[in-house]
Amino acid sequence: RHRSLFLDHDYLVLEPYYYANGDFYFGLRYSKQDIFGLPLYATFRLQQYMDRDANFILPGTKVAFIQPDSSLNLNFRLSFPLNKNKTWSLSFSSELDLMRASLPDNAKDSILIDDKFPISSRGLYQDFTQIPLEMALYFDNLDYSFAPTRGSRFSLGARYYFVRDYEGVKFNEVFYDDDGNEISHERYKFKDDKKNHDYVRTEMVFQHYFYLGKAKQFHLSVKEARQSRKFYLDFSLDETLRTWHPDNVMTTLFERRVLAFQFRLTDIWEMERGEAPYSSFPWMNTRFPLRGYNGAWANNHIMGLSMEYRWPVDRFVDGVVFNEYGLHASEFDEWSFERYYNSWGFGVRVRQPDMFLFRIQFGFHGLHGVNLVITIAPEYR
């Protein structure tokens, strides 16, 4: 991470990742504020994936199949404020997505024939290019970016994807003689069906944070953090009884606490039914809103509500208890409690006021085991 590297008020982030199984990811983000002395904010982002274990999910289910991914994404975004205190802003972005997918090494991990999800219509195991254009409206008056205690964040965006023709699945067909010897093989390629693969993706996100208590701020000072560590390390039965005594319970539950809420609705709208690529479908997974489940669901419409109760444990550590709900549907008017899910859990989040570091959380759905979440991604983006 570098600030003011080439120009004043610029910011460069390089993120290379190499994984034990040989996968690779590289990310570059360069941003610049106050362009030409105007209140403009521009960002350029490059992302390269080399993931042999990437997968897609059949819409309406959590059935996943492996599809190695080596896609490249280039994105440019320009934002500007709409009012003097910069709480409202408008953003425009354009992107070039070079989608590169291939068949897995093991044939049983693939899906080649499926009437409900034909590979020739969805771009599975194929190469194609898509160019999304987006416009988004933002509101943000949070007191801290990565450890907010007060305020709201709202976004409403629409993105139109221009999808080029799929380049087709490539495969070899081998022929053998009566003795089992290979005599020839021919190379085949499924061609695009020449239908309209364009689609629109819309998303609305609303977050709100309530601060509870009389203390001026949620974050602990060095002295207060030392006292808090002593409280947790020296915890005893007598201390438990004192903490939860009726005279102290209000302070225990409602002093220096934060209630966090997030609602998110994500939808895709196909220009021609059944032709949008596999990458178009939003997911409902451990990232949001179901930390208590393994795997993920995909569908045309995803809705989630998450609630968190946070309290400071140390100077840069917060305790968290969460409860969250999710729904998915193939049509916007087909929301049903048959596809309704709930998870709950607890954990810790490690952060600074201006930087999120990581979180460790245990999620449950009912009494069906535990799901451990360890990630550097914050709960609410």
# chains A, B, ... in the order shown; residues from 1 in each chain; ligands from 1
call {"tool": "residues_around", "arguments": {"residues": "region 34-42 of chain A", "least_positions_apart": "5", "cutoff": "8 Å", "atoms": "only C-alpha atoms", "output": "PyMOL selection string"}}
result
chain A and resi 9+76-81
call {"tool": "residues_around", "arguments": {"residues": "Leu12 (chain A)", "least_positions_apart": "2", "cutoff": "8 Å", "atoms": "only C-alpha atoms", "output": "PyMOL selection string"}}
result
chain A and resi 1-3+5+10+14+28-31
call {"tool": "residues_around", "arguments": {"residues": "region 246-262 of chain A", "least_positions_apart": "6", "cutoff": "12 Å", "atoms": "only C-alpha atoms", "output": "VMD selection string"}}
result
chain A and resid 142 147 to 155 204 to 220 239 to 240 288 to 289 303 to 313 318 to 326 379 to 381
call {"tool": "write_last_selection", "arguments": {"atoms": "C-alpha atoms", "output": "CSV table (one decimal), in the first residue's frame"}}
result
chain,number,residue,atom,x,y,z
A,142,LEU,CA,-20.8,6.8,9.2
A,147,ALA,CA,-15.5,0.2,12.8
A,148,PRO,CA,-18.7,2.3,12.5
A,149,THR,CA,-20.7,3.1,15.7
A,150,ARG,CA,-23.2,5.7,14.4
A,151,GLY,CA,-24.9,6.6,11.1
A,152,SER,CA,-26.1,5.0,7.9
A,153,ARG,CA,-24.8,3.8,4.6
A,154,PHE,CA,-27.1,3.3,1.6
A,155,SER,CA,-26.4,2.4,-2.0
A,204,MET,CA,-29.9,-2.0,-3.0
A,205,VAL,CA,-28.0,-2.0,0.3
A,206,PHE,CA,-29.0,-0.3,3.5
A,207,GLN,CA,-26.9,-0.3,6.7
A,208,HIS,CA,-27.6,1.4,10.0
A,209,TYR,CA,-25.6,1.6,13.3
A,210,PHE,CA,-27.1,2.5,16.7
A,211,TYR,CA,-24.7,3.5,19.5
A,212,LEU,CA,-25.9,2.6,23.0
A,213,GLY,CA,-24.5,4.1,26.2
A,214,LYS,CA,-23.3,7.4,27.8
A,215,ALA,CA,-19.6,7.0,27.0
A,216,LYS,CA,-18.4,9.5,24.3
A,217,GLN,CA,-17.0,6.8,22.1
A,218,PHE,CA,-17.2,3.1,21.5
A,219,HIS,CA,-13.4,2.5,21.1
A,220,LEU,CA,-11.3,1.9,24.2
A,239,GLU,CA,-17.6,-11.4,38.9
A,240,THR,CA,-20.4,-13.1,36.9
A,288,PHE,CA,-23.7,-12.6,3.3
A,289,PRO,CA,-26.1,-13.3,4.8
A,303,MET,CA,-32.6,-10.9,-0.2
A,304,GLY,CA,-30.8,-10.8,3.1
A,305,LEU,CA,-31.2,-9.2,6.6
A,306,SER,CA,-28.4,-9.3,9.2
A,307,MET,CA,-28.3,-8.0,12.7
A,308,GLU,CA,-25.2,-7.7,15.0
A,309,TYR,CA,-24.6,-6.8,18.7
A,310,ARG,CA,-21.1,-5.6,19.2
A,311,TRP,CA,-19.1,-4.6,22.3
A,312,PRO,CA,-15.4,-3.7,22.9
A,313,VAL,CA,-13.2,-6.4,24.3
A,318,ASP,CA,-14.7,-6.4,19.4
A,319,GLY,CA,-17.0,-9.2,20.5
A,320,VAL,CA,-19.9,-10.0,18.2
A,321,VAL,CA,-23.3,-11.8,18.4
A,322,PHE,CA,-25.2,-12.0,15.1
A,323,ASN,CA,-28.5,-13.2,13.8
A,324,GLU,CA,-29.4,-13.2,10.0
A,325,TYR,CA,-31.9,-14.3,7.5
A,326,GLY,CA,-31.9,-15.0,3.7
A,379,GLU,CA,-19.2,-8.4,7.6
A,380,TYR,CA,-20.7,-5.4,5.9
A,381,ARG,CA,-19.0,-4.1,2.8
call {"tool": "select_by_dssp", "arguments": {"residues": "region 26-256 of chain A", "states": "strand (DSSP E or B)", "output": "ChimeraX atom specification"}}
result
/A:26-33,41-51,55-57,64-66,69,72-81,88-101,127-140,151-163,170-176,182-189,199-212
call {"tool": "closest_residue", "arguments": {"among": "A:Asn85, A:Ser121, A:Ser280, A:Asn73", "to": "Phe56 (chain A)", "atoms": "only C-alpha atoms"}}
result
A:Ser280
call {"tool": "atom_distance", "arguments": {"atom1": "CA of Lys116 (chain A)", "atom2": "CA of Lys195 (chain A)"}}
result
16.5 Å
call {"tool": "residues_around", "arguments": {"residues": "Met99 (chain A)", "least_positions_apart": "2", "cutoff": "10 Å", "atoms": "only C-alpha atoms", "output": "PyMOL selection string"}}
result
chain A and resi 49+69-73+96-97+101+123+125-130+166+279
call {"tool": "write_last_selection", "arguments": {"atoms": "N, CA, C and O atoms", "output": "PDB file, in the first residue's frame"}}
result
ATOM      1  N   TYR A  49      -7.410 -13.824 -12.081  1.00  0.00           N
ATOM      2  CA  TYR A  49      -7.675 -15.060 -11.342  1.00  0.00           C
ATOM      3  C   TYR A  49      -7.029 -16.235 -12.066  1.00  0.00           C
ATOM      4  O   TYR A  49      -7.074 -16.329 -13.292  1.00  0.00           O
ATOM      5  N   ASP A  69     -11.038 -21.302 -13.512  1.00  0.00           N
ATOM      6  CA  ASP A  69     -11.265 -19.913 -13.907  1.00  0.00           C
ATOM      7  C   ASP A  69      -9.937 -19.189 -14.033  1.00  0.00           C
ATOM      8  O   ASP A  69      -9.099 -19.232 -13.122  1.00  0.00           O
ATOM      9  N   SER A  70      -9.733 -18.527 -15.159  1.00  0.00           N
ATOM     10  CA  SER A  70      -8.542 -17.686 -15.349  1.00  0.00           C
ATOM     11  C   SER A  70      -8.952 -16.339 -15.920  1.00  0.00           C
ATOM     12  O   SER A  70      -8.330 -15.819 -16.846  1.00  0.00           O
ATOM     13  N   SER A  71      -9.992 -15.754 -15.372  1.00  0.00           N
ATOM     14  CA  SER A  71     -10.567 -14.515 -15.902  1.00  0.00           C
ATOM     15  C   SER A  71      -9.720 -13.301 -15.545  1.00  0.00           C
ATOM     16  O   SER A  71      -8.980 -13.289 -14.556  1.00  0.00           O
ATOM     17  N   LEU A  72      -9.878 -12.257 -16.350  1.00  0.00           N
ATOM     18  CA  LEU A  72      -9.186 -10.985 -16.149  1.00  0.00           C
ATOM     19  C   LEU A  72     -10.223  -9.872 -16.171  1.00  0.00           C
ATOM     20  O   LEU A  72     -11.070  -9.821 -17.073  1.00  0.00           O
ATOM     21  N   ASN A  73     -10.171  -8.984 -15.172  1.00  0.00           N
ATOM     22  CA  ASN A  73     -11.132  -7.884 -15.069  1.00  0.00           C
ATOM     23  C   ASN A  73     -10.406  -6.552 -14.994  1.00  0.00           C
ATOM     24  O   ASN A  73      -9.460  -6.400 -14.214  1.00  0.00           O
ATOM     25  N   LEU A  96     -14.197  -4.108 -18.276  1.00  0.00           N
ATOM     26  CA  LEU A  96     -13.940  -5.101 -19.310  1.00  0.00           C
ATOM     27  C   LEU A  96     -13.645  -6.417 -18.611  1.00  0.00           C
ATOM     28  O   LEU A  96     -12.663  -6.527 -17.874  1.00  0.00           O
ATOM     29  N   ASP A  97     -14.521  -7.400 -18.807  1.00  0.00           N
ATOM     30  CA  ASP A  97     -14.365  -8.714 -18.188  1.00  0.00           C
ATOM     31  C   ASP A  97     -14.021  -9.728 -19.267  1.00  0.00           C
ATOM     32  O   ASP A  97     -14.841 -10.011 -20.151  1.00  0.00           O
ATOM     33  N   ALA A 101     -12.949 -19.725 -18.901  1.00  0.00           N
ATOM     34  CA  ALA A 101     -13.290 -20.910 -18.119  1.00  0.00           C
ATOM     35  C   ALA A 101     -12.976 -22.152 -18.941  1.00  0.00           C
ATOM     36  O   ALA A 101     -12.942 -22.112 -20.175  1.00  0.00           O
ATOM     37  N   GLY A 123     -22.805 -20.261 -21.107  1.00  0.00           N
ATOM     38  CA  GLY A 123     -21.382 -19.952 -21.205  1.00  0.00           C
ATOM     39  C   GLY A 123     -20.491 -20.821 -20.350  1.00  0.00           C
ATOM     40  O   GLY A 123     -19.338 -20.447 -20.081  1.00  0.00           O
ATOM     41  N   TYR A 125     -17.836 -23.433 -19.180  1.00  0.00           N
ATOM     42  CA  TYR A 125     -16.587 -23.976 -19.727  1.00  0.00           C
ATOM     43  C   TYR A 125     -16.190 -23.268 -21.023  1.00  0.00           C
ATOM     44  O   TYR A 125     -15.512 -23.838 -21.866  1.00  0.00           O
ATOM     45  N   GLN A 126     -16.620 -22.030 -21.197  1.00  0.00           N
ATOM     46  CA  GLN A 126     -16.372 -21.313 -22.434  1.00  0.00           C
ATOM     47  C   GLN A 126     -15.694 -19.973 -22.159  1.00  0.00           C
ATOM     48  O   GLN A 126     -15.625 -19.516 -21.022  1.00  0.00           O
ATOM     49  N   ASP A 127     -15.219 -19.360 -23.213  1.00  0.00           N
ATOM     50  CA  ASP A 127     -14.615 -18.038 -23.140  1.00  0.00           C
ATOM     51  C   ASP A 127     -15.595 -17.016 -23.718  1.00  0.00           C
ATOM     52  O   ASP A 127     -16.229 -17.268 -24.743  1.00  0.00           O
ATOM     53  N   PHE A 128     -15.698 -15.876 -23.055  1.00  0.00           N
ATOM     54  CA  PHE A 128     -16.515 -14.803 -23.611  1.00  0.00           C
ATOM     55  C   PHE A 128     -16.088 -13.485 -22.962  1.00  0.00           C
ATOM     56  O   PHE A 128     -15.360 -13.466 -21.965  1.00  0.00           O
ATOM     57  N   THR A 129     -16.548 -12.408 -23.545  1.00  0.00           N
ATOM     58  CA  THR A 129     -16.230 -11.070 -23.055  1.00  0.00           C
ATOM     59  C   THR A 129     -17.519 -10.348 -22.701  1.00  0.00           C
ATOM     60  O   THR A 129     -18.505 -10.446 -23.433  1.00  0.00           O
ATOM     61  N   GLN A 130     -17.509  -9.654 -21.562  1.00  0.00           N
ATOM     62  CA  GLN A 130     -18.671  -8.843 -21.204  1.00  0.00           C
ATOM     63  C   GLN A 130     -18.200  -7.464 -20.765  1.00  0.00           C
ATOM     64  O   GLN A 130     -17.120  -7.310 -20.170  1.00  0.00           O
ATOM     65  N   TYR A 166     -20.579 -16.476 -26.832  1.00  0.00           N
ATOM     66  CA  TYR A 166     -19.732 -17.483 -26.201  1.00  0.00           C
ATOM     67  C   TYR A 166     -18.874 -18.151 -27.274  1.00  0.00           C
ATOM     68  O   TYR A 166     -19.340 -18.419 -28.382  1.00  0.00           O
ATOM     69  N   SER A 279     -22.029 -16.498 -14.634  1.00  0.00           N
ATOM     70  CA  SER A 279     -21.440 -15.505 -13.728  1.00  0.00           C
ATOM     71  C   SER A 279     -22.431 -14.433 -13.307  1.00  0.00           C
ATOM     72  O   SER A 279     -22.137 -13.618 -12.431  1.00  0.00           O
TER      73      SER A 279
END
call {"tool": "residues_around", "arguments": {"residues": "Ile111 (chain A)", "least_positions_apart": "2", "cutoff": "12 Å", "atoms": "only C-alpha atoms", "output": "PDB file with N, CA, C and O atoms, in the first residue's frame"}}
result
ATOM      1  N   ASN A  55     -15.909 -22.613  -8.984  1.00  0.00           N
ATOM      2  CA  ASN A  55     -17.117 -23.369  -9.299  1.00  0.00           C
ATOM      3  C   ASN A  55     -18.271 -22.434  -9.638  1.00  0.00           C
ATOM      4  O   ASN A  55     -18.196 -21.234  -9.416  1.00  0.00           O
ATOM      5  N   PHE A  56     -19.314 -23.008 -10.188  1.00  0.00           N
ATOM      6  CA  PHE A  56     -20.566 -22.300 -10.410  1.00  0.00           C
ATOM      7  C   PHE A  56     -21.662 -23.109  -9.725  1.00  0.00           C
ATOM      8  O   PHE A  56     -21.496 -24.285  -9.402  1.00  0.00           O
ATOM      9  N   ILE A  57     -22.806 -22.464  -9.491  1.00  0.00           N
ATOM     10  CA  ILE A  57     -23.910 -23.088  -8.771  1.00  0.00           C
ATOM     11  C   ILE A  57     -25.154 -23.068  -9.660  1.00  0.00           C
ATOM     12  O   ILE A  57     -25.461 -22.042 -10.285  1.00  0.00           O
ATOM     13  N   LEU A  58     -25.845 -24.184  -9.714  1.00  0.00           N
ATOM     14  CA  LEU A  58     -27.090 -24.227 -10.472  1.00  0.00           C
ATOM     15  C   LEU A  58     -28.116 -23.303  -9.819  1.00  0.00           C
ATOM     16  O   LEU A  58     -28.373 -23.420  -8.616  1.00  0.00           O
ATOM     17  N   VAL A  63     -26.221 -26.738  -5.515  1.00  0.00           N
ATOM     18  CA  VAL A  63     -25.438 -27.765  -6.191  1.00  0.00           C
ATOM     19  C   VAL A  63     -24.340 -27.080  -7.001  1.00  0.00           C
ATOM     20  O   VAL A  63     -24.624 -26.275  -7.898  1.00  0.00           O
ATOM     21  N   ALA A  64     -23.096 -27.382  -6.682  1.00  0.00           N
ATOM     22  CA  ALA A  64     -21.956 -26.709  -7.295  1.00  0.00           C
ATOM     23  C   ALA A  64     -21.154 -27.680  -8.151  1.00  0.00           C
ATOM     24  O   ALA A  64     -21.048 -28.870  -7.833  1.00  0.00           O
ATOM     25  N   PHE A  65     -20.580 -27.167  -9.238  1.00  0.00           N
ATOM     26  CA  PHE A  65     -19.709 -27.934 -10.108  1.00  0.00           C
ATOM     27  C   PHE A  65     -18.427 -27.130 -10.332  1.00  0.00           C
ATOM     28  O   PHE A  65     -18.450 -25.904 -10.415  1.00  0.00           O
ATOM     29  N   ILE A  66     -17.331 -27.853 -10.445  1.00  0.00           N
ATOM     30  CA  ILE A  66     -16.036 -27.196 -10.622  1.00  0.00           C
ATOM     31  C   ILE A  66     -15.895 -26.678 -12.050  1.00  0.00           C
ATOM     32  O   ILE A  66     -16.267 -27.333 -13.012  1.00  0.00           O
ATOM     33  N   GLN A  67     -15.339 -25.471 -12.153  1.00  0.00           N
ATOM     34  CA  GLN A  67     -15.057 -24.862 -13.449  1.00  0.00           C
ATOM     35  C   GLN A  67     -13.805 -24.000 -13.299  1.00  0.00           C
ATOM     36  O   GLN A  67     -13.876 -22.890 -12.779  1.00  0.00           O
ATOM     37  N   SER A 102     -12.751 -23.269 -18.262  1.00  0.00           N
ATOM     38  CA  SER A 102     -12.409 -24.503 -18.962  1.00  0.00           C
ATOM     39  C   SER A 102     -12.986 -25.699 -18.220  1.00  0.00           C
ATOM     40  O   SER A 102     -13.468 -25.573 -17.087  1.00  0.00           O
ATOM     41  N   LEU A 103     -12.917 -26.845 -18.861  1.00  0.00           N
ATOM     42  CA  LEU A 103     -13.401 -28.075 -18.247  1.00  0.00           C
ATOM     43  C   LEU A 103     -12.457 -28.521 -17.135  1.00  0.00           C
ATOM     44  O   LEU A 103     -11.240 -28.356 -17.244  1.00  0.00           O
ATOM     45  N   PRO A 104     -12.997 -29.116 -16.064  1.00  0.00           N
ATOM     46  CA  PRO A 104     -12.133 -29.616 -14.991  1.00  0.00           C
ATOM     47  C   PRO A 104     -11.382 -30.864 -15.432  1.00  0.00           C
ATOM     48  O   PRO A 104     -11.749 -31.526 -16.412  1.00  0.00           O
ATOM     49  N   ASN A 106     -11.235 -33.676 -13.859  1.00  0.00           N
ATOM     50  CA  ASN A 106     -12.048 -34.853 -13.582  1.00  0.00           C
ATOM     51  C   ASN A 106     -13.439 -34.655 -14.162  1.00  0.00           C
ATOM     52  O   ASN A 106     -14.150 -33.723 -13.788  1.00  0.00           O
ATOM     53  N   ALA A 107     -13.846 -35.515 -15.089  1.00  0.00           N
ATOM     54  CA  ALA A 107     -15.119 -35.331 -15.790  1.00  0.00           C
ATOM     55  C   ALA A 107     -16.315 -35.376 -14.852  1.00  0.00           C
ATOM     56  O   ALA A 107     -17.337 -34.744 -15.117  1.00  0.00           O
ATOM     57  N   LYS A 108     -16.220 -36.098 -13.751  1.00  0.00           N
ATOM     58  CA  LYS A 108     -17.367 -36.217 -12.844  1.00  0.00           C
ATOM     59  C   LYS A 108     -17.676 -34.905 -12.137  1.00  0.00           C
ATOM     60  O   LYS A 108     -18.757 -34.744 -11.567  1.00  0.00           O
ATOM     61  N   ASP A 109     -16.718 -33.962 -12.143  1.00  0.00           N
ATOM     62  CA  ASP A 109     -16.952 -32.660 -11.522  1.00  0.00           C
ATOM     63  C   ASP A 109     -17.655 -31.687 -12.458  1.00  0.00           C
ATOM     64  O   ASP A 109     -17.929 -30.556 -12.080  1.00  0.00           O
ATOM     65  N   ILE A 113     -24.673 -32.040 -19.742  1.00  0.00           N
ATOM     66  CA  ILE A 113     -26.029 -32.083 -20.287  1.00  0.00           C
ATOM     67  C   ILE A 113     -27.016 -31.781 -19.171  1.00  0.00           C
ATOM     68  O   ILE A 113     -27.068 -32.491 -18.167  1.00  0.00           O
ATOM     69  N   ASP A 114     -27.786 -30.717 -19.318  1.00  0.00           N
ATOM     70  CA  ASP A 114     -28.799 -30.365 -18.330  1.00  0.00           C
ATOM     71  C   ASP A 114     -29.853 -29.521 -19.020  1.00  0.00           C
ATOM     72  O   ASP A 114     -29.552 -28.445 -19.543  1.00  0.00           O
ATOM     73  N   ASP A 115     -31.091 -30.015 -19.059  1.00  0.00           N
ATOM     74  CA  ASP A 115     -32.155 -29.305 -19.774  1.00  0.00           C
ATOM     75  C   ASP A 115     -32.474 -27.952 -19.150  1.00  0.00           C
ATOM     76  O   ASP A 115     -32.835 -26.999 -19.837  1.00  0.00           O
ATOM     77  N   LYS A 116     -32.370 -27.843 -17.811  1.00  0.00           N
ATOM     78  CA  LYS A 116     -32.721 -26.606 -17.135  1.00  0.00           C
ATOM     79  C   LYS A 116     -31.579 -25.584 -17.163  1.00  0.00           C
ATOM     80  O   LYS A 116     -31.810 -24.398 -16.971  1.00  0.00           O
ATOM     81  N   PHE A 117     -30.353 -26.049 -17.380  1.00  0.00           N
ATOM     82  CA  PHE A 117     -29.205 -25.153 -17.355  1.00  0.00           C
ATOM     83  C   PHE A 117     -28.230 -25.562 -18.465  1.00  0.00           C
ATOM     84  O   PHE A 117     -27.140 -26.071 -18.201  1.00  0.00           O
ATOM     85  N   PRO A 118     -28.609 -25.381 -19.734  1.00  0.00           N
ATOM     86  CA  PRO A 118     -27.769 -25.838 -20.846  1.00  0.00           C
ATOM     87  C   PRO A 118     -26.457 -25.062 -20.930  1.00  0.00           C
ATOM     88  O   PRO A 118     -26.446 -23.836 -20.821  1.00  0.00           O
ATOM     89  N   ILE A 119     -25.376 -25.783 -21.113  1.00  0.00           N
ATOM     90  CA  ILE A 119     -24.066 -25.132 -21.112  1.00  0.00           C
ATOM     91  C   ILE A 119     -23.903 -24.191 -22.295  1.00  0.00           C
ATOM     92  O   ILE A 119     -23.193 -23.190 -22.211  1.00  0.00           O
ATOM     93  N   SER A 120     -24.565 -24.496 -23.432  1.00  0.00           N
ATOM     94  CA  SER A 120     -24.420 -23.635 -24.603  1.00  0.00           C
ATOM     95  C   SER A 120     -25.094 -22.282 -24.407  1.00  0.00           C
ATOM     96  O   SER A 120     -24.727 -21.295 -25.048  1.00  0.00           O
ATOM     97  N   ARG A 122     -25.480 -20.823 -21.214  1.00  0.00           N
ATOM     98  CA  ARG A 122     -24.979 -20.174 -20.002  1.00  0.00           C
ATOM     99  C   ARG A 122     -23.484 -19.893 -20.025  1.00  0.00           C
ATOM    100  O   ARG A 122     -22.949 -19.358 -19.068  1.00  0.00           O
ATOM    101  N   LEU A 124     -20.986 -21.973 -19.918  1.00  0.00           N
ATOM    102  CA  LEU A 124     -20.179 -22.849 -19.066  1.00  0.00           C
ATOM    103  C   LEU A 124     -18.992 -23.412 -19.836  1.00  0.00           C
ATOM    104  O   LEU A 124     -19.114 -23.809 -20.993  1.00  0.00           O
ATOM    105  N   TYR A 125     -17.836 -23.433 -19.180  1.00  0.00           N
ATOM    106  CA  TYR A 125     -16.587 -23.976 -19.727  1.00  0.00           C
ATOM    107  C   TYR A 125     -16.190 -23.268 -21.023  1.00  0.00           C
ATOM    108  O   TYR A 125     -15.512 -23.838 -21.866  1.00  0.00           O
ATOM    109  N   VAL A 169     -17.558 -24.675 -26.134  1.00  0.00           N
ATOM    110  CA  VAL A 169     -16.841 -25.697 -25.378  1.00  0.00           C
ATOM    111  C   VAL A 169     -15.966 -26.497 -26.341  1.00  0.00           C
ATOM    112  O   VAL A 169     -16.436 -26.982 -27.367  1.00  0.00           O
TER     113      VAL A 169
END
call {"tool": "residues_around", "arguments": {"residues": "Tyr25 (chain A)", "least_positions_apart": "4", "cutoff": "6 Å", "atoms": "only C-alpha atoms", "output": "VMD selection string"}}
result
chain A and resid 16 to 17 48 to 49
call {"tool": "residues_around", "arguments": {"residues": "Ala298 (chain A)", "least_positions_apart": "4", "cutoff": "9 Å", "atoms": "only C-alpha atoms", "output": "NGL selection string"}}
result
:A and (56-62 or 281-285 or 302 or 328)
